[in-house]
Amino acid sequence: MKLLAAVAGLIVAAEGAALGPLGSQFQNALQSVLSLGKSDSSKPPNILFVITDDQDLELDSISYTPLIEKHLRHKGTFFRNHFVTTALCCPSRVSLWTGRQAHNTNVTDVHPPYGGYPKFVDKGFNDNFLPVWLQEAGYDTYYTGKLFNAHTVDNYHSPHVNGFNGSDFLMDPYTYSYMNSTYQRHREAPVSYEGRHTTDVITEKALGFLDDALEGERPFFVVAAPVAPHSNVDPRDIANGEIVMTAPIPLERHAHLFQDVKVPRTPHFNPDKPSGASWVRNLPQQNQTEIDYNDHFYRSRLRALQGVDELVDSLVSRLEESGQLDNTYIIYTSDNGFHIGQHRLPPGKTCGYEEDIRVPLFIRGPGIPEGYVQDSVTTHIDLAPTIFNLAGIPPRADFDGTAIPVTPDFGGTRHEHVTVEFWGRAVMEGIHSQIGPGGSTMIPNNTYKSVRLLGEGYNLYYSVWCNNEHELYDLSTDPYQLNNLYTTTIQEDGPKILGRSLTDAINRLDALLLVLKSCQGATCIDPWSVLHPEDSIQSLRDALNKEHDLFYAAQPRVSFDWCDAGYIVEAEGPQVPLTSRYGVSWDVWV
Ligand SMILES: *[C@@H]1O[C@H](CO)[C@@H](O)[C@H](O)[C@H]1NC(C)=O
Ligand SMILES: *[C@@H]1O[C@H](CO)[C@@H](O)[C@H](O)[C@H]1NC(C)=O
Ligand SMILES: *[C@@H]1O[C@H](CO)[C@@H](O)[C@H](O)[C@H]1NC(C)=O
Ligand SMILES: *[C@@H]1O[C@H](CO)[C@@H](O)[C@H](O)[C@H]1NC(C)=O
Ligand SMILES: *[C@@H]1O[C@H](CO)[C@@H](O)[C@H](O)[C@H]1NC(C)=O
């Protein structure tokens with residue numbers, strides 16, 4: 001254990017030493033620019049960030065937003081292998097705005113005690129997240145829309161959110177009330193927008209902040225976080241003691257669109273055979289009433305997204321008029337994905353399957369190729385480091401992610417893995433047969449750890465659930481994740497991964513997951529170096545070399561002692577892998 005800690009410590013220390021005081025270099029550069037007066041061409045770049053709520057990539061939502069396609073896909077780069085690390089709003093957003101895995105923020109849920117805005121504050125992140133760092137580095141920062149869950153009309157001032165020059169946040173419990181939203185501006189009292197569509201309201205507010213930002217001397221960071229295409233929630237609509245989540249409500253001018261569109265009928269849409277593991281495997285097949293409702297739900301999401309499409313168009317037009325478009329990076333993504341009917345699931349997120357963890361990511365701006373599709377694996381914890389990189393700020397040692405390749409010849413680190421983690425409950429939206437205990441829409445014990453791995457010749461998803469069920473999908477032959485390959489016995493004629501048996505592959509994947517589930521900083525970025533501090537192993541392919549078979553067979557396994565609703569280390573089994581030393585020989589700990 002000591003050895004491992006020492007290795008991690010060394011890496012962190014080395015990085016820290018190289019960086020010097022955060023941002024000072026940048027600030028000096030900025031100061032010299034500013035002293036020359038307002039010179040737009042040499043001003044550090046602005047950043048406009050649009051983050052939608054629950055927008056899928058896999059169900060093809062981006063094919064229905066022509067203006068985003070025109071402004072961002074054609075004029076920027078599409079990151080087609082972009083993943084979230086926790087498929088739930090609040091944990092995912094905290095990871096996004098801090099650059100850390102949820103196991104390092106411990107904001108793992110949408111509500112206290114394990115998550116929500118109060119937990120974000122308790123963990124000290126209100127003084128230590130992206131807008132605060134950007135202000136310190138010389139940016140003016142603005143935010144409108146949904147920040148975190150459990151940020152409410154009662155707690156918005158205790159304390160106020162830090163780090164923004166201007167803010168106008170959506171407030172719970174009215175965040176998802178499309179026609180009765182409540183926003184809370186600067187340090188003022190919350191205001192109800194009863195009768196107005198939330199997307200119209202946020203468009204006004206976002207354009208207002210963009211105008212404020214454009215008037216300033218400093219570069220800006222402006223975030224618009226609309227609630228579409230999240231489900232609609234009317235806080236008065238309670239059934240069975242629980243809030244009801246219904247199809248999103250589009251703007252009236254979009255309500256008639258896409259009448260014939262249905263959820264794509266892929267092989268994993270409401271399959272005849274159950275699939276997945278744990279509670280997913282026990283789901284009943286959906287009946288025609290549910291299928292019809294889900295198609296309606298799907299169309300409602302596409303309609304609700306039209307308002308976001310127009311929001312992006314308005315923001316881009318305003319930037320263009322101001323002459324600042326060419327000095328502005330525009331980043332577009334969502335907090336997590338969404339499923340409707342795949343694996344028989346009612347509408348919702350919280351799973352580790354492709355629909356929930358893959359989200360759209362577009363970036364356009366100075367130097368970013370137009371119409372380019374980037375294949376490299378990128379994640380939400382890479383976005384704060386990416387913004388640092390674009391703004392010319394040196395990375396923080398506590399980032400669990402690394403700047404993403406924004407150009408084809410990007411010289412920085414690339415990675416093959418995504419660490420996917422989840423704690424607590426799955427939530428069913430829309431209509432569905434009652435499947436939680438006591439007819440609840442909540443399913444407990446949706447706690448799991450997974451690794452998604454994409455490299456040359458392999459495309460894998462490996463997960464361990466808190467009831468110790470396992471999943472392994474080879475997406476190169478099973479893109480819809482219908483055929484769980486997990487096994488512990490070597491079958492000589494069974495499926496192979498990179499020419500090795502499933503057992504040999506699983507031994508590697510499990511050890512990798514053991515590192516990733518408690519990694520910090522540099523060890524999250526280069527996990528193989530924890531297992532092989534003295535070899536140059538950088539990928540699953542390298543690790544699958546036969547000479548490491550015994551080393552991997554001897555590793556402790558990822559497992560849980562019980563299912564908990566939060567990050568309780570004692571429930572989460574072994575924490576520390578064996579470490580390979582001196583090349584082929586193995587560890588002192590055996
Ligand atoms: C934005 O806030 C920062 C930090 O408080 C401050 O230094 C900066 O002057 C503000 N910008 C504007 C335009 O007020
Ligand atoms: C709309 O929201 C406000 C709170 O901001 C609430 O007082 C009011 O009752 C709501 N109206 C409806 C129709 O739900
Ligand atoms: C289909 O499922 C819904 C609940 O999701 C239920 O109300 C309805 O009775 C079911 N229909 C049939 C024909 O079983
Ligand atoms: C959830 O997990 C706990 C602890 O592992 C167990 O006691 C409980 O029965 C499980 N509940 C369900 C609904 O599976
Ligand atoms: C995470 O937070 C929960 C709730 O406050 C706490 O019980 C748990 O010990 C924390 N986990 C870690 C690893 O700090």
# chains A, B, ... in the order shown; residues from 1 in each chain; ligands from 1
$ residues_near_ligand --ligand "ligand 5" --cutoff "6 Å" --atoms "only C-alpha atoms and all ligand atoms" --output "ChimeraX atom specification"
/A:106,113-114,567-569
$ write_last_selection --atoms "N, CA and C atoms" --output "compact mmCIF listing (two decimals), in the first residue's frame"
# COMPACT_ATOMS: atom_id res chain seq x y z
N ASN A 106 -17.21 12.96 -4.02
CA ASN A 106 -18.21 12.37 -3.12
C ASN A 106 -19.56 13.09 -3.21
N PRO A 113 -28.27 12.98 1.73
CA PRO A 113 -26.94 13.29 2.26
C PRO A 113 -25.79 13.04 1.28
N TYR A 114 -26.07 12.38 0.13
CA TYR A 114 -24.96 11.99 -0.73
C TYR A 114 -24.72 12.94 -1.90
N TYR A 567 -21.10 6.60 -1.28
CA TYR A 567 -19.72 6.12 -1.41
C TYR A 567 -19.18 5.78 -0.02
N ILE A 568 -19.49 4.58 0.43
CA ILE A 568 -19.06 4.10 1.73
C ILE A 568 -17.93 3.10 1.46
N VAL A 569 -16.71 3.51 1.71
CA VAL A 569 -15.55 2.71 1.29
C VAL A 569 -15.62 1.29 1.85
$ residues_near_ligand --ligand "ligand 2" --cutoff "9 Å" --atoms "only C-alpha atoms and all ligand atoms" --output "list of chain:residue names"
A:Val153, A:Met171, A:Pro173, A:Tyr174, A:Ser177, A:Met179, A:Asn180, A:Ser181, A:Thr182, A:Tyr183, A:Pro190, A:Val191, A:Ser192, A:Tyr193, A:Glu194, A:Gly195, A:Asp234, A:Pro235, A:Arg236
$ closest_atom_pairs --of "chain A" --to "ligand 1" --cutoff "12 Å" --atoms "only C-alpha atoms and all ligand atoms" --output "CSV"
residue,atom,partner,partner_atom_place_in_ligand_line,distance
A:Pro131,CA,ligand 1,4 (C),9.8
A:Val132,CA,ligand 1,4 (C),8.2
A:Trp133,CA,ligand 1,4 (C),10.1
A:Leu134,CA,ligand 1,3 (C),9.3
A:Gln135,CA,ligand 1,4 (C),5.6
A:Glu136,CA,ligand 1,4 (C),7.1
A:Ala137,CA,ligand 1,7 (O),9.5
A:Gly138,CA,ligand 1,7 (O),7.3
A:Tyr139,CA,ligand 1,1 (C),7.1
A:Asp140,CA,ligand 1,1 (C),4.8
A:Thr141,CA,ligand 1,1 (C),6.7
A:Tyr142,CA,ligand 1,1 (C),9.1
A:Asn162,CA,ligand 1,5 (O),9.4
A:Gly163,CA,ligand 1,4 (C),7.3
A:Phe164,CA,ligand 1,2 (O),6.8
A:Asn165,CA,ligand 1,1 (C),4.6
A:Gly166,CA,ligand 1,1 (C),8.2
A:Ser167,CA,ligand 1,1 (C),11.4
A:Phe209,CA,ligand 1,13 (C),11.1
A:Leu210,CA,ligand 1,13 (C),11.9
A:Asp211,CA,ligand 1,13 (C),11.5
A:Asp212,CA,ligand 1,13 (C),8.0
A:Ala213,CA,ligand 1,13 (C),7.4
A:Leu214,CA,ligand 1,13 (C),9.6
A:Glu215,CA,ligand 1,13 (C),8.1
A:Gly216,CA,ligand 1,13 (C),5.1
A:Glu217,CA,ligand 1,13 (C),7.0
A:Arg218,CA,ligand 1,13 (C),7.1
A:Pro219,CA,ligand 1,13 (C),9.6
A:Phe220,CA,ligand 1,13 (C),9.2
A:Phe221,CA,ligand 1,1 (C),10.6
$ residues_near_ligand --ligand "ligand 3" --cutoff "12 Å" --atoms "only C-alpha atoms and all ligand atoms" --output "NGL selection string"
:A and (283-294 or 344-347 or 428-435 or 439 or 441)
$ write_last_selection --atoms "N, CA and C atoms" --output "short mmCIF file (atom, residue, chain, number, x, y, z; two decimals), in the first residue's frame"
data_model
loop_
_atom_site.label_atom_id
_atom_site.label_comp_id
_atom_site.auth_asym_id
_atom_site.auth_seq_id
_atom_site.Cartn_x
_atom_site.Cartn_y
_atom_site.Cartn_z
N LEU A 283 -36.62 -6.83 -15.70
CA LEU A 283 -37.68 -5.96 -16.23
C LEU A 283 -38.64 -6.74 -17.12
N PRO A 284 -39.95 -6.48 -16.97
CA PRO A 284 -40.90 -7.11 -17.89
C PRO A 284 -40.83 -6.46 -19.26
N GLN A 285 -41.20 -7.19 -20.29
CA GLN A 285 -41.26 -6.58 -21.61
C GLN A 285 -42.38 -5.53 -21.61
N GLN A 286 -42.18 -4.44 -22.35
CA GLN A 286 -43.16 -3.36 -22.35
C GLN A 286 -44.35 -3.72 -23.24
N ASN A 287 -45.54 -3.31 -22.80
CA ASN A 287 -46.73 -3.59 -23.61
C ASN A 287 -46.98 -2.43 -24.59
N GLN A 288 -47.96 -2.61 -25.46
CA GLN A 288 -48.16 -1.64 -26.55
C GLN A 288 -48.46 -0.23 -26.02
N THR A 289 -49.21 -0.16 -24.92
CA THR A 289 -49.51 1.15 -24.34
C THR A 289 -48.21 1.87 -23.96
N GLU A 290 -47.32 1.12 -23.36
CA GLU A 290 -46.05 1.71 -22.94
C GLU A 290 -45.19 2.09 -24.15
N ILE A 291 -45.17 1.24 -25.15
CA ILE A 291 -44.38 1.53 -26.35
C ILE A 291 -44.90 2.81 -27.03
N ASP A 292 -46.23 2.91 -27.14
CA ASP A 292 -46.81 4.11 -27.77
C ASP A 292 -46.47 5.36 -26.96
N TYR A 293 -46.57 5.23 -25.63
CA TYR A 293 -46.23 6.37 -24.79
C TYR A 293 -44.76 6.75 -24.98
N ASN A 294 -43.90 5.74 -25.05
CA ASN A 294 -42.46 6.02 -25.21
C ASN A 294 -42.16 6.72 -26.53
N ARG A 344 -35.49 -2.94 -22.40
CA ARG A 344 -36.81 -2.91 -21.77
C ARG A 344 -36.95 -1.81 -20.72
N LEU A 345 -35.99 -0.88 -20.68
CA LEU A 345 -36.02 0.15 -19.64
C LEU A 345 -37.06 1.22 -19.94
N PRO A 346 -37.86 1.61 -18.95
CA PRO A 346 -38.70 2.80 -19.12
C PRO A 346 -37.80 4.02 -19.30
N PRO A 347 -38.33 5.17 -19.73
CA PRO A 347 -37.49 6.36 -19.90
C PRO A 347 -36.68 6.65 -18.64
N MET A 428 -37.36 5.65 -12.50
CA MET A 428 -38.16 5.40 -13.71
C MET A 428 -38.95 6.67 -14.04
N GLU A 429 -38.94 7.07 -15.30
CA GLU A 429 -39.72 8.24 -15.72
C GLU A 429 -40.83 7.77 -16.66
N GLY A 430 -41.74 8.68 -17.00
CA GLY A 430 -42.84 8.31 -17.89
C GLY A 430 -43.79 7.33 -17.23
N ILE A 431 -44.47 6.53 -18.04
CA ILE A 431 -45.35 5.51 -17.46
C ILE A 431 -44.65 4.16 -17.55
N HIS A 432 -44.92 3.30 -16.63
CA HIS A 432 -44.27 1.99 -16.62
C HIS A 432 -44.96 1.11 -15.61
N SER A 433 -44.80 -0.18 -15.78
CA SER A 433 -45.35 -1.09 -14.78
C SER A 433 -44.58 -0.84 -13.50
N GLN A 434 -45.23 -1.02 -12.39
CA GLN A 434 -44.57 -0.68 -11.14
C GLN A 434 -43.49 -1.71 -10.84
N ILE A 435 -42.26 -1.26 -10.73
CA ILE A 435 -41.21 -2.24 -10.59
C ILE A 435 -40.35 -2.05 -9.36
N GLY A 439 -44.16 -0.64 -5.31
CA GLY A 439 -44.70 0.13 -6.43
C GLY A 439 -43.98 1.44 -6.65
N THR A 441 -41.25 4.28 -8.01
CA THR A 441 -40.55 4.51 -9.28
C THR A 441 -39.04 4.45 -9.09
#
$ residues_near_ligand --ligand "ligand 4" --cutoff "6 Å" --atoms "only C-alpha atoms and all ligand atoms" --output "mmCIF file with C-alpha atoms, in the first residue's frame"
data_model
loop_
_atom_site.group_PDB
_atom_site.id
_atom_site.type_symbol
_atom_site.label_atom_id
_atom_site.label_comp_id
_atom_site.auth_asym_id
_atom_site.auth_seq_id
_atom_site.Cartn_x
_atom_site.Cartn_y
_atom_site.Cartn_z
ATOM 1 C CA PRO A 444 -32.513 0.716 -4.941
ATOM 2 C CA ASN A 445 -29.083 -0.926 -5.257
ATOM 3 C CA TRP A 562 -23.024 -4.805 0.526
ATOM 4 C CA CYS A 563 -25.053 -2.399 -1.591
#
$ atom_distance --atom1 "atom CA of A:Thr579" --atom2 "atom CA of A:Glu416"
20.6 Å
$ closest_atom_pairs --of "stretch 328-356 of chain A" --to "stretch 308-315 of chain A" --cutoff "12 Å" --atoms "only C-alpha atoms" --output "CSV"
residue,atom,partner,partner_atom,distance
A:Thr328,CA,A:Leu315,CA,11.4
A:Ile330,CA,A:Val312,CA,9.6
A:Ile331,CA,A:Val312,CA,10.6
A:Tyr332,CA,A:Val312,CA,9.1
A:Thr333,CA,A:Val308,CA,11.6
A:Ser334,CA,A:Val308,CA,11.6
$ residues_around --residues "A:His157" --least-positions-apart "4" --cutoff "10 Å" --atoms "only C-alpha atoms" --output "list in words"
His151, Thr152, Val153, Val161, Gln184, Arg187, Glu188 and Ala189 of chain A
$ select_by_dssp --residues "stretch 384-524 of chain A" --states "strand (DSSP E)" --output "PyMOL selection string"
chain A and resi 417-422+426-427+442-443+448-455+458-465+470-474+496-497+500-501
$ residues_around --residues "stretch 46-59 of chain A" --least-positions-apart "2" --cutoff "7 Å" --atoms "only C-alpha atoms" --output "VMD selection string"
chain A and resid 44 61 to 62 219 to 230 264 327 to 338 355 358 to 360
$ write_last_selection --atoms "N, CA and C atoms" --output "short mmCIF file (atom, residue, chain, number, x, y, z; two decimals), in the first residue's frame"
data_model
loop_
_atom_site.label_atom_id
_atom_site.label_comp_id
_atom_site.auth_asym_id
_atom_site.auth_seq_id
_atom_site.Cartn_x
_atom_site.Cartn_y
_atom_site.Cartn_z
N PRO A 44 -7.22 36.87 -24.73
CA PRO A 44 -7.44 35.43 -24.56
C PRO A 44 -8.86 35.06 -25.02
N SER A 61 -30.61 12.16 -31.12
CA SER A 61 -31.21 13.49 -30.96
C SER A 61 -30.51 14.53 -31.84
N ILE A 62 -29.21 14.36 -32.08
CA ILE A 62 -28.50 15.42 -32.80
C ILE A 62 -28.84 15.46 -34.29
N PRO A 219 -11.71 38.54 -20.99
CA PRO A 219 -12.35 37.45 -21.74
C PRO A 219 -13.47 36.88 -20.87
N PHE A 220 -14.41 36.19 -21.50
CA PHE A 220 -15.56 35.71 -20.72
C PHE A 220 -15.79 34.22 -20.84
N PHE A 221 -16.50 33.74 -19.83
CA PHE A 221 -16.99 32.36 -19.78
C PHE A 221 -18.48 32.48 -19.50
N VAL A 222 -19.29 32.13 -20.49
CA VAL A 222 -20.75 32.25 -20.34
C VAL A 222 -21.36 30.86 -20.48
N VAL A 223 -22.18 30.48 -19.52
CA VAL A 223 -22.83 29.17 -19.58
C VAL A 223 -24.34 29.34 -19.68
N ALA A 224 -24.94 28.63 -20.63
CA ALA A 224 -26.40 28.52 -20.70
C ALA A 224 -26.75 27.05 -20.48
N ALA A 225 -27.56 26.79 -19.45
CA ALA A 225 -27.88 25.42 -19.06
C ALA A 225 -29.39 25.20 -19.08
N PRO A 226 -29.96 25.07 -20.29
CA PRO A 226 -31.41 24.88 -20.39
C PRO A 226 -31.81 23.51 -19.85
N VAL A 227 -33.06 23.38 -19.52
CA VAL A 227 -33.53 22.15 -18.89
C VAL A 227 -33.96 21.11 -19.93
N ALA A 228 -34.29 21.55 -21.13
CA ALA A 228 -34.66 20.61 -22.19
C ALA A 228 -33.46 19.72 -22.53
N PRO A 229 -33.70 18.47 -22.90
CA PRO A 229 -35.00 17.79 -23.05
C PRO A 229 -35.38 16.92 -21.84
N HIS A 230 -35.02 17.37 -20.64
CA HIS A 230 -35.39 16.65 -19.41
C HIS A 230 -36.91 16.51 -19.31
N PRO A 264 -35.86 4.75 -32.26
CA PRO A 264 -35.25 3.81 -33.21
C PRO A 264 -35.45 2.35 -32.75
N ASN A 327 -13.06 34.70 -31.85
CA ASN A 327 -12.20 34.59 -30.66
C ASN A 327 -12.94 33.87 -29.52
N THR A 328 -13.93 33.06 -29.90
CA THR A 328 -14.74 32.40 -28.88
C THR A 328 -14.82 30.90 -29.15
N TYR A 329 -14.53 30.11 -28.12
CA TYR A 329 -14.79 28.68 -28.21
C TYR A 329 -16.23 28.44 -27.78
N ILE A 330 -16.94 27.64 -28.56
CA ILE A 330 -18.30 27.26 -28.18
C ILE A 330 -18.28 25.76 -27.90
N ILE A 331 -18.70 25.39 -26.71
CA ILE A 331 -18.73 23.98 -26.32
C ILE A 331 -20.18 23.60 -26.06
N TYR A 332 -20.59 22.49 -26.62
CA TYR A 332 -21.98 22.04 -26.47
C TYR A 332 -22.00 20.60 -26.01
N THR A 333 -22.68 20.33 -24.89
CA THR A 333 -22.78 18.95 -24.42
C THR A 333 -24.02 18.81 -23.54
N SER A 334 -24.14 17.65 -22.89
CA SER A 334 -25.27 17.37 -22.00
C SER A 334 -24.72 16.77 -20.71
N ASP A 335 -25.53 16.76 -19.64
CA ASP A 335 -24.99 16.23 -18.37
C ASP A 335 -24.95 14.71 -18.32
N ASN A 336 -25.88 14.07 -19.01
CA ASN A 336 -25.86 12.61 -19.11
C ASN A 336 -26.76 12.23 -20.27
N GLY A 337 -26.69 10.96 -20.68
CA GLY A 337 -27.52 10.50 -21.79
C GLY A 337 -28.91 10.08 -21.31
N PHE A 338 -29.57 9.24 -22.11
CA PHE A 338 -30.96 8.86 -21.80
C PHE A 338 -31.30 7.59 -22.56
N GLU A 355 -26.48 4.24 -24.08
CA GLU A 355 -27.47 5.32 -24.19
C GLU A 355 -27.27 6.35 -23.08
N ARG A 358 -23.04 7.90 -23.14
CA ARG A 358 -22.56 8.68 -24.29
C ARG A 358 -23.40 9.93 -24.44
N VAL A 359 -22.76 11.07 -24.61
CA VAL A 359 -23.49 12.32 -24.84
C VAL A 359 -22.85 13.07 -26.00
N PRO A 360 -23.63 14.00 -26.60
CA PRO A 360 -23.05 14.82 -27.66
C PRO A 360 -21.93 15.71 -27.10
#
$ closest_atom_pairs --of "stretch 237-324 of chain A" --to "stretch 485-501 of chain A" --cutoff "12 Å" --atoms "only C-alpha atoms" --output "JSON lines"
{"residue": "A:Ser275", "atom": "CA", "partner": "A:Leu485", "partner_atom": "CA", "distance": 11.6}
{"residue": "A:Gly276", "atom": "CA", "partner": "A:Leu485", "partner_atom": "CA", "distance": 10.8}
{"residue": "A:Ala277", "atom": "CA", "partner": "A:Tyr486", "partner_atom": "CA", "distance": 10.7}
$ write_last_selection --atoms "N, CA and C atoms" --output "mmCIF file, in the first residue's frame"
data_model
loop_
_atom_site.group_PDB
_atom_site.id
_atom_site.type_symbol
_atom_site.label_atom_id
_atom_site.label_comp_id
_atom_site.auth_asym_id
_atom_site.auth_seq_id
_atom_site.Cartn_x
_atom_site.Cartn_y
_atom_site.Cartn_z
ATOM 1 N N SER A 275 -32.160 -8.662 -20.873
ATOM 2 C CA SER A 275 -30.713 -8.488 -21.017
ATOM 3 C C SER A 275 -30.199 -7.725 -19.810
ATOM 4 N N GLY A 276 -28.901 -7.515 -19.768
ATOM 5 C CA GLY A 276 -28.316 -6.777 -18.659
ATOM 6 C C GLY A 276 -28.112 -7.647 -17.436
ATOM 7 N N ALA A 277 -27.973 -6.997 -16.297
ATOM 8 C CA ALA A 277 -27.737 -7.711 -15.040
ATOM 9 C C ALA A 277 -28.546 -7.037 -13.945
#
$ closest_residue --among "A:Ile404, A:Arg364, A:Asn149, A:Ala87" --to "A:Asp382" --atoms "only C-alpha atoms"
A:Ile404
$ residues_around --residues "stretch 509-514 of chain A" --least-positions-apart "4" --cutoff "8 Å" --atoms "only C-alpha atoms" --output "short mmCIF file (atom, residue, chain, number, x, y, z; two decimals) with N, CA and C atoms, in the first residue's frame"
data_model
loop_
_atom_site.label_atom_id
_atom_site.label_comp_id
_atom_site.auth_asym_id
_atom_site.auth_seq_id
_atom_site.Cartn_x
_atom_site.Cartn_y
_atom_site.Cartn_z
N THR A 419 -13.98 5.78 -16.77
CA THR A 419 -14.38 5.20 -15.49
C THR A 419 -15.83 5.59 -15.23
N LYS A 449 -19.70 -0.23 -10.59
CA LYS A 449 -18.47 0.37 -11.12
C LYS A 449 -18.24 -0.25 -12.48
N SER A 450 -17.83 0.55 -13.43
CA SER A 450 -17.57 -0.01 -14.76
C SER A 450 -16.38 0.66 -15.39
N VAL A 451 -15.83 -0.07 -16.35
CA VAL A 451 -14.85 0.58 -17.21
C VAL A 451 -15.28 0.37 -18.66
N TYR A 462 -17.07 -3.35 -19.13
CA TYR A 462 -16.97 -4.33 -18.04
C TYR A 462 -17.52 -3.68 -16.78
N ALA A 505 -8.62 -11.80 -20.31
CA ALA A 505 -9.04 -10.41 -20.53
C ALA A 505 -9.71 -9.85 -19.28
N SER A 518 -10.66 3.97 -7.34
CA SER A 518 -10.19 4.86 -6.28
C SER A 518 -9.03 5.74 -6.74
N PRO A 527 -3.84 4.88 -15.56
CA PRO A 527 -4.02 3.85 -14.53
C PRO A 527 -3.07 2.66 -14.67
N TRP A 528 -2.65 2.35 -15.89
CA TRP A 528 -1.77 1.18 -16.05
C TRP A 528 -0.45 1.38 -15.32
N LEU A 540 -4.70 -1.95 -22.73
CA LEU A 540 -5.12 -3.33 -22.52
C LEU A 540 -4.29 -4.26 -23.40
N TYR A 552 -1.78 -10.94 -13.20
CA TYR A 552 -3.19 -10.54 -13.22
C TYR A 552 -4.11 -11.57 -12.58
N GLN A 555 -4.45 -10.95 -8.82
CA GLN A 555 -4.97 -9.67 -8.31
C GLN A 555 -6.20 -9.88 -7.42
N PRO A 556 -6.37 -9.07 -6.37
CA PRO A 556 -7.65 -9.07 -5.67
C PRO A 556 -8.74 -8.61 -6.63
N ARG A 557 -9.98 -9.07 -6.43
CA ARG A 557 -11.06 -8.76 -7.37
C ARG A 557 -11.88 -7.58 -6.88
N VAL A 558 -12.37 -6.82 -7.82
CA VAL A 558 -13.34 -5.78 -7.48
C VAL A 558 -14.59 -6.48 -6.94
N PRO A 574 -11.93 -4.77 -1.85
CA PRO A 574 -10.51 -4.43 -1.95
C PRO A 574 -10.31 -3.07 -2.61
N GLN A 575 -9.31 -2.36 -2.16
CA GLN A 575 -9.03 -1.01 -2.68
C GLN A 575 -7.70 -0.92 -3.42
N VAL A 576 -6.78 -1.85 -3.11
CA VAL A 576 -5.42 -1.66 -3.61
C VAL A 576 -4.97 -2.88 -4.42
N PRO A 577 -4.53 -2.66 -5.65
CA PRO A 577 -4.06 -3.78 -6.48
C PRO A 577 -2.64 -4.18 -6.12
#
$ select_by_dssp --residues "stretch 369-574 of chain A" --states "helix (DSSP H, G or I)" --output "ChimeraX atom specification"
/A:380-391,437-439,502-516,522-525,528-531,540-543,546-553,569-572
$ residues_around --residues "stretch 250-252 of chain A" --least-positions-apart "6" --cutoff "8 Å" --atoms "only C-alpha atoms" --output "ChimeraX atom specification"
/A:197,199,300-301,303-307
$ closest_residue --among "A:Ser440, A:Ser95, A:Asn128, A:Thr203" --to "A:Arg318" --atoms "only C-alpha atoms"
A:Thr203
$ closest_residue --among "A:Val420, A:Ile393, A:Thr350, A:Thr198" --to "A:Asn446" --atoms "only C-alpha atoms"
A:Thr350
$ closest_residue --among "A:Gly365, A:Gly436, A:Pro405, A:Pro91" --to "A:Thr108" --atoms "only C-alpha atoms"
A:Pro91
$ atom_distance --atom1 "atom CA of A:His415" --atom2 "atom CA of A:Ala522"
12.0 Å
